[in-house]
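Undergrad: Structure supplied as coords_32.cif; contents: mmCIF, C-alpha atoms.
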data_work
loop_
_atom_site.label_atom_id
_atom_site.label_comp_id
_atom_site.auth_asym_id
_atom_site.auth_seq_id
_atom_site.Cartn_x
_atom_site.Cartn_y
_atom_site.Cartn_z
CA MET A 28 75.01 -57.72 182.39
CA LYS A 29 72.21 -59.11 184.55
CA ARG A 30 69.09 -57.01 183.96
CA VAL A 31 67.50 -57.34 187.38
CA THR A 32 65.16 -54.44 186.68
CA GLU A 33 63.48 -56.48 183.94
CA GLN A 34 63.07 -59.69 185.93
CA GLU A 35 59.55 -60.93 186.54
CA SER A 36 57.80 -59.86 189.71
CA LYS A 37 57.66 -62.49 192.43
CA TYR A 38 53.98 -61.59 192.91
CA LYS A 39 51.57 -63.51 190.69
CA ASP A 40 48.09 -62.49 189.53
CA ILE A 41 48.29 -59.03 191.08
CA ASP A 42 45.28 -58.04 189.00
CA LYS A 43 43.27 -60.43 191.18
CA MET A 44 44.59 -59.07 194.50
CA SER A 45 42.51 -57.00 196.88
CA VAL A 46 43.50 -53.38 197.48
CA ILE A 47 45.15 -54.20 200.80
CA GLU A 48 47.03 -57.13 199.27
CA VAL A 49 48.44 -54.83 196.58
CA LEU A 50 49.41 -52.22 199.16
CA LYS A 51 51.10 -54.77 201.41
CA GLY A 52 53.01 -56.23 198.48
CA ILE A 53 54.29 -52.83 197.36
CA ASN A 54 55.20 -51.96 200.95
CA GLU A 55 57.14 -55.19 201.40
CA GLU A 56 59.17 -54.45 198.28
CA ASP A 57 59.75 -50.84 199.28
CA LYS A 58 61.31 -52.00 202.57
CA LEU A 59 64.17 -53.50 200.55
CA VAL A 60 65.23 -50.18 199.03
CA PRO A 61 67.09 -48.58 201.98
CA LEU A 62 69.00 -51.83 202.50
CA ALA A 63 70.15 -51.78 198.88
CA VAL A 64 71.17 -48.13 199.21
CA GLU A 65 73.16 -48.98 202.35
CA LYS A 66 75.22 -51.51 200.38
CA ALA A 67 76.09 -48.77 197.88
CA LEU A 68 77.29 -46.25 200.48
CA PRO A 69 81.01 -46.71 199.62
CA GLN A 70 80.22 -45.91 195.98
CA ILE A 71 78.08 -42.92 196.94
CA GLU A 72 80.87 -41.63 199.17
CA LYS A 73 83.37 -41.71 196.31
CA LEU A 74 80.99 -39.93 193.95
CA ALA A 75 80.00 -37.24 196.48
CA THR A 76 83.62 -36.59 197.45
CA ALA A 77 84.73 -36.23 193.83
CA VAL A 78 81.80 -33.96 192.89
CA ALA A 79 82.36 -31.73 195.94
CA GLU A 80 86.03 -31.30 195.06
CA ARG A 81 85.15 -30.23 191.52
CA MET A 82 82.51 -27.79 192.77
CA LYS A 83 84.92 -26.26 195.30
CA ASN A 84 87.07 -25.40 192.30
CA GLY A 85 84.28 -23.68 190.39
CA GLY A 86 82.59 -26.66 188.77
CA ARG A 87 78.91 -27.45 188.40
CA LEU A 88 76.87 -30.62 188.77
CA PHE A 89 74.74 -31.91 185.89
CA TYR A 90 72.20 -34.73 185.83
CA ILE A 91 70.99 -36.41 182.65
CA GLY A 92 68.31 -39.06 182.35
CA ALA A 93 65.15 -40.17 180.59
CA GLY A 94 61.65 -40.80 181.91
CA THR A 95 61.39 -41.22 185.68
CA SER A 96 65.17 -41.01 186.11
CA GLY A 97 65.33 -37.74 184.20
CA ARG A 98 62.45 -36.26 186.17
CA LEU A 99 64.11 -37.17 189.46
CA GLY A 100 67.27 -35.38 188.35
CA VAL A 101 65.30 -32.28 187.44
CA VAL A 102 63.56 -32.36 190.82
CA ASP A 103 66.80 -32.65 192.77
CA ALA A 104 68.48 -29.89 190.78
CA SER A 105 65.52 -27.54 191.09
CA GLU A 106 65.41 -27.95 194.87
CA CYS A 107 69.06 -26.97 195.46
CA PRO A 108 68.68 -23.18 194.99
CA PRO A 109 65.77 -22.72 197.45
CA THR A 110 67.22 -25.18 199.97
CA PHE A 111 70.85 -24.09 199.91
CA GLY A 112 70.72 -20.60 198.38
CA VAL A 113 72.98 -21.55 195.47
CA PRO A 114 72.70 -20.08 191.95
CA PHE A 115 70.32 -21.86 189.61
CA ASP A 116 73.15 -22.94 187.32
CA TRP A 117 75.16 -24.76 190.01
CA VAL A 118 73.08 -27.94 189.76
CA VAL A 119 71.33 -28.60 186.45
CA GLY A 120 68.90 -31.40 185.58
CA ILE A 121 68.38 -32.32 181.93
CA ILE A 122 65.75 -34.80 180.72
CA ALA A 123 65.66 -36.53 177.34
CA GLY A 124 63.05 -34.85 175.20
CA GLY A 125 63.40 -31.47 176.87
CA ASP A 126 61.35 -29.83 179.61
CA SER A 127 58.06 -30.91 178.00
CA ALA A 128 59.06 -34.50 178.84
CA ILE A 129 58.79 -33.68 182.54
CA ARG A 130 55.00 -33.82 182.21
CA LYS A 131 54.47 -35.91 179.09
CA ALA A 132 56.59 -38.76 177.75
CA VAL A 133 58.42 -37.97 174.50
CA GLU A 134 58.56 -41.08 172.31
CA PHE A 135 62.02 -42.51 171.59
CA ALA A 136 63.81 -39.51 173.14
CA GLU A 137 65.90 -41.84 175.29
CA ASP A 138 67.13 -43.78 172.25
CA ASP A 139 69.20 -40.92 170.79
CA ASP A 140 72.80 -41.37 171.96
CA LYS A 141 73.91 -38.01 170.51
CA GLN A 142 71.27 -35.68 171.95
CA ALA A 143 72.49 -35.51 175.56
CA TRP A 144 75.80 -33.95 174.57
CA ILE A 145 73.95 -31.49 172.32
CA ASP A 146 71.72 -30.57 175.29
CA LEU A 147 74.75 -30.16 177.57
CA GLN A 148 76.43 -27.81 175.10
CA GLU A 149 73.76 -25.22 175.85
CA TYR A 150 75.34 -24.90 179.30
CA ASP A 151 78.96 -24.82 178.08
CA ILE A 152 79.80 -27.89 180.15
CA ASN A 153 83.56 -28.18 180.63
CA GLU A 154 86.36 -30.03 182.42
CA LYS A 155 85.58 -28.34 185.75
CA ASP A 156 82.11 -29.90 185.83
CA SER A 157 80.61 -33.23 186.91
CA LEU A 158 77.96 -35.23 185.05
CA VAL A 159 75.83 -37.91 186.72
CA GLY A 160 73.82 -40.19 184.47
CA LEU A 161 70.53 -41.51 185.85
CA ALA A 162 69.28 -44.74 184.32
CA ALA A 163 67.56 -47.50 186.25
CA SER A 164 68.44 -50.04 183.55
CA GLY A 165 72.00 -48.82 183.10
CA THR A 166 71.60 -49.02 179.34
CA THR A 167 69.74 -45.86 178.24
CA PRO A 168 71.43 -44.64 175.00
CA TYR A 169 70.76 -40.96 175.80
CA VAL A 170 72.66 -41.34 179.07
CA VAL A 171 75.43 -43.59 177.73
CA GLY A 172 76.17 -41.24 174.84
CA GLY A 173 76.21 -38.19 177.08
CA LEU A 174 78.59 -39.76 179.57
CA LEU A 175 80.99 -41.05 176.92
CA GLU A 176 81.24 -37.69 175.19
CA ALA A 177 81.57 -35.85 178.50
CA ARG A 178 84.44 -38.10 179.54
CA LYS A 179 86.26 -37.30 176.27
CA HIS A 180 86.11 -33.62 177.25
CA GLY A 181 87.49 -34.12 180.76
CA VAL A 182 84.18 -33.94 182.60
CA LEU A 183 83.97 -36.08 185.74
CA THR A 184 81.36 -38.79 185.15
CA GLY A 185 79.19 -40.79 187.53
CA CYS A 186 75.91 -42.66 187.46
CA ILE A 187 73.07 -43.96 189.61
CA ILE A 188 71.60 -47.21 188.27
CA CYS A 189 69.68 -50.22 189.60
CA ASN A 190 71.45 -53.03 187.73
CA GLU A 191 75.02 -54.18 188.03
CA GLY A 192 77.43 -53.29 185.25
CA GLY A 193 76.41 -52.33 181.75
CA PRO A 194 77.29 -49.46 179.40
CA VAL A 195 76.36 -46.63 181.78
CA VAL A 196 78.73 -48.03 184.43
CA ALA A 197 81.46 -48.46 181.82
CA ALA A 198 81.10 -44.78 180.90
CA SER A 199 81.29 -43.60 184.53
CA ASP A 200 84.32 -42.75 186.64
CA TYR A 201 82.22 -43.10 189.80
CA PRO A 202 79.31 -45.54 189.34
CA VAL A 203 76.66 -46.09 191.98
CA GLU A 204 74.82 -49.41 191.59
CA VAL A 205 71.76 -49.85 193.82
CA VAL A 206 70.31 -53.27 193.01
CA VAL A 207 66.81 -53.33 194.49
CA GLY A 208 65.61 -56.48 192.71
CA PRO A 209 62.53 -57.07 190.54
CA GLU A 210 59.71 -54.56 190.80
CA PHE A 211 56.30 -55.37 192.29
CA LEU A 212 54.88 -54.61 188.84
CA THR A 213 57.27 -56.28 186.40
CA GLY A 214 59.62 -53.75 184.81
CA SER A 215 57.99 -50.68 186.38
CA THR A 216 61.19 -48.93 187.42
CA ARG A 217 59.33 -45.83 188.59
CA MET A 218 58.68 -47.86 191.75
CA LYS A 219 61.61 -49.33 193.77
CA SER A 220 64.25 -48.19 191.32
CA GLY A 221 62.87 -44.66 191.27
CA THR A 222 62.73 -44.60 195.06
CA ALA A 223 66.34 -45.78 195.24
CA GLN A 224 67.51 -43.11 192.82
CA LYS A 225 65.66 -40.42 194.76
CA LEU A 226 67.29 -41.53 198.02
CA VAL A 227 70.75 -41.47 196.46
CA LEU A 228 70.13 -38.06 194.88
CA ASN A 229 69.07 -36.71 198.27
CA MET A 230 72.30 -38.07 199.74
CA LEU A 231 74.49 -36.79 196.93
CA SER A 232 73.27 -33.21 196.69
CA THR A 233 72.88 -32.74 200.46
CA THR A 234 76.35 -34.13 201.18
CA VAL A 235 77.93 -32.01 198.47
CA MET A 236 76.22 -28.85 199.72
CA ILE A 237 77.37 -29.56 203.28
CA GLN A 238 80.92 -29.96 201.96
CA LEU A 239 80.55 -26.60 200.19
CA GLY A 240 79.63 -24.92 203.48
CA ARG A 241 75.97 -24.31 202.65
CA VAL A 242 74.81 -25.72 206.02
CA LYS A 243 75.65 -24.51 209.52
CA GLY A 244 75.14 -26.93 212.40
CA ASN A 245 72.05 -28.68 211.10
CA LYS A 246 70.37 -25.61 209.63
CA MET A 247 69.70 -24.44 206.05
CA VAL A 248 71.15 -21.00 206.75
CA ASP A 249 71.27 -20.00 203.07
CA MET A 250 67.74 -21.09 202.14
CA GLN A 251 65.69 -18.72 200.01
CA LEU A 252 62.89 -17.01 201.90
CA THR A 253 60.22 -17.65 199.29
CA ASN A 254 57.14 -18.15 201.48
CA HIS A 255 55.76 -17.38 204.94
CA LYS A 256 56.70 -20.81 206.28
CA LEU A 257 60.35 -20.35 205.35
CA VAL A 258 60.43 -16.78 206.69
CA ASP A 259 59.04 -18.07 209.98
CA ARG A 260 61.60 -20.89 210.04
CA GLY A 261 64.40 -18.43 209.30
CA THR A 262 63.22 -16.06 212.01
CA HIS A 263 63.37 -18.82 214.60
CA MET A 264 66.86 -19.79 213.41
CA VAL A 265 68.04 -16.22 213.97
CA MET A 266 66.34 -16.14 217.38
CA GLU A 267 68.09 -19.32 218.40
CA GLU A 268 71.53 -18.32 217.10
CA LEU A 269 71.52 -14.82 218.61
CA ASN A 270 69.31 -15.44 221.64
CA ILE A 271 67.01 -12.55 220.76
CA GLY A 272 63.27 -11.99 220.49
CA GLU A 273 61.09 -12.77 217.51
CA GLU A 274 60.47 -9.18 216.45
CA GLN A 275 64.17 -8.30 216.42
CA ALA A 276 65.02 -11.52 214.60
CA ALA A 277 62.39 -10.83 211.95
CA GLU A 278 63.76 -7.33 211.41
CA LEU A 279 67.29 -8.65 210.97
CA LEU A 280 66.13 -11.34 208.56
CA THR A 281 64.21 -8.80 206.49
CA LYS A 282 67.19 -6.44 206.41
CA TYR A 283 69.85 -8.96 205.42
CA GLY A 284 67.78 -11.45 203.40
CA SER A 285 69.22 -14.69 204.78
CA VAL A 286 69.80 -16.39 208.11
CA ARG A 287 73.56 -16.54 207.54
CA LYS A 288 73.90 -12.85 206.70
CA ALA A 289 71.64 -11.79 209.55
CA VAL A 290 73.62 -13.77 212.10
CA GLU A 291 77.05 -12.79 210.76
CA ALA A 292 76.17 -9.10 210.65
CA SER A 293 75.01 -9.18 214.25
CA ARG A 294 78.11 -10.80 215.72
#
Hey, can you dump this file as structure tokens for me?

TA:
Amino acid sequence: MKRVTEQESKYKDIDKMSVIEVLKGINEEDKLVPLAVEKALPQIEKLATAVAERMKNGGRLFYIGAGTSGRLGVVDASECPPTFGVPFDWVVGIIAGGDSAIRKAVEFAEDDDKQAWIDLQEYDINEKDSLVGLAASGTTPYVVGGLLEARKHGVLTGCIICNEGGPVVAASDYPVEVVVGPEFLTGSTRMKSGTAQKLVLNMLSTTVMIQLGRVKGNKMVDMQLTNHKLVDRGTHMVMEELNIGEEQAAELLTKYGSVRKAVEASR
């Protein structure tokens, strides 16, 4: 496989650049990311469609990854319940080294090709579920091992990587390859590669949740009302849907606990 993520930066002597030169260089590289994601849309479509079908039949979505990739999976999974009102075990993010690795790197955790499956067993992962491996390089042993074992047990497998081919792709039923090119800082895949993975995760989870009926029109009608901003947003959604005043909308939202339930109960 061609390890694009490890290729040398096209920028030389960046340690001698001015602040604005560094910023412009990073910005120029970042502009390439959405274009690379666009090329991968057919792959993303296949993965999202397959995951949605599994989840409609009672399955869950799991992410596994190490380092930046693992953290991005945890972030996306943790944002699904408040955004879409789904149970916390519908979308699960697992990072090599455990939750402590979210804040502090755990040495060599990504090199254990058996640990991911052990971690997944805590959630009783089964053939109804989907597992997406996140690995910028496409070679992370933790991710490869988890995907291979999951596939043996009938779990749908996919991946989001930033190289073409490699063992993670070989272990995936639905690979997504977003090749963003060399990083501004050679090998620092938390930069363009991380941005690409975040964009694809946004697409994947949002599309799946729309397919599961967790969005109405363009509104997050099942969002959890966990702060004043979201309560205010929900109140205005109810006002708009029912053509009523703010006070009445707020009362309905308080009574029923969600925009969807408030609107449905009032129609």

Undergrad: Please return as a PyMOL selection string every residue within 10 Å of (54.3, -61.4, 189.4), taking into account all atoms listed in the file and the file's own coordinates.

TA: chain A and resi 34-42+209-213

Undergrad: Could you list the residues chosen by the PyMOL selection byres ((chain A and resi 264-276) around 9) in this structure as a list of chain:residue names?

TA: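 Written out, the selection comes to A:Lys246, A:Val248, A:Asp259, A:Arg260, A:Gly261, A:Thr262, A:His263, A:Ala277, A:Glu278, A:Leu279, A:Leu280, A:Thr281, A:Val286, A:Arg287, A:Ala289, A:Val290, A:Ser293, A:Arg294.
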
Undergrad: Write a file of the selected residues as a compact mmCIF listing (two decimals), in the coordinates of the input, keeping C-alpha atoms.

TA:
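Listed below is the output, result.txt:
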# COMPACT_ATOMS: atom_id res chain seq x y z
CA LYS A 246 70.37 -25.61 209.63
CA VAL A 248 71.15 -21.00 206.75
CA ASP A 259 59.04 -18.07 209.98
CA ARG A 260 61.60 -20.89 210.04
CA GLY A 261 64.40 -18.43 209.30
CA THR A 262 63.22 -16.06 212.01
CA HIS A 263 63.37 -18.82 214.60
CA ALA A 277 62.39 -10.83 211.95
CA GLU A 278 63.76 -7.33 211.41
CA LEU A 279 67.29 -8.65 210.97
CA LEU A 280 66.13 -11.34 208.56
CA THR A 281 64.21 -8.80 206.49
CA VAL A 286 69.80 -16.39 208.11
CA ARG A 287 73.56 -16.54 207.54
CA ALA A 289 71.64 -11.79 209.55
CA VAL A 290 73.62 -13.77 212.10
CA SER A 293 75.01 -9.18 214.25
CA ARG A 294 78.11 -10.80 215.72

Undergrad: Applying 8 Å and all atoms listed in the file, which residues near segment 85-95 of chain A remain after dropping the ones on its own chain fewer than 3 positions away? List them as a ChimeraX atom specification.

TA: /A:78,81-82,98-101,104,116-124,128-129,132,136-137,143,155-162,167,169-170,173,216-217,221

Undergrad: Find the distance between atom CA of Val102 of chain A and atom CA of Met250 of chain A and write it in Å to one decimal.

TA: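 If I compute the distance from atom CA of Val102 of chain A to atom CA of Met250 of chain A, I get 16.5 Å.
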
Undergrad: When distances are computed from only C-alpha atoms, which of A:Val258, A:Arg130, A:Asp139, A:Lys179 shows the smallest separation from Glu154 of chain A?

TA: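 The shortest atom-to-atom distance to Glu154 of chain A comes from A:Lys179.
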
Undergrad: By how many Å are atom CA of Tyr150 of chain A and atom CA of Pro168 of chain A apart?

TA: 20.6 Å

Undergrad: Mind pulling up the distance from atom CA of Asp200 of chain A to atom CA of Val182 of chain A?

TA: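 Computing the Euclidean distance for atom CA of Val182 of chain A and atom CA of Asp200 of chain A yields 9.7 Å.
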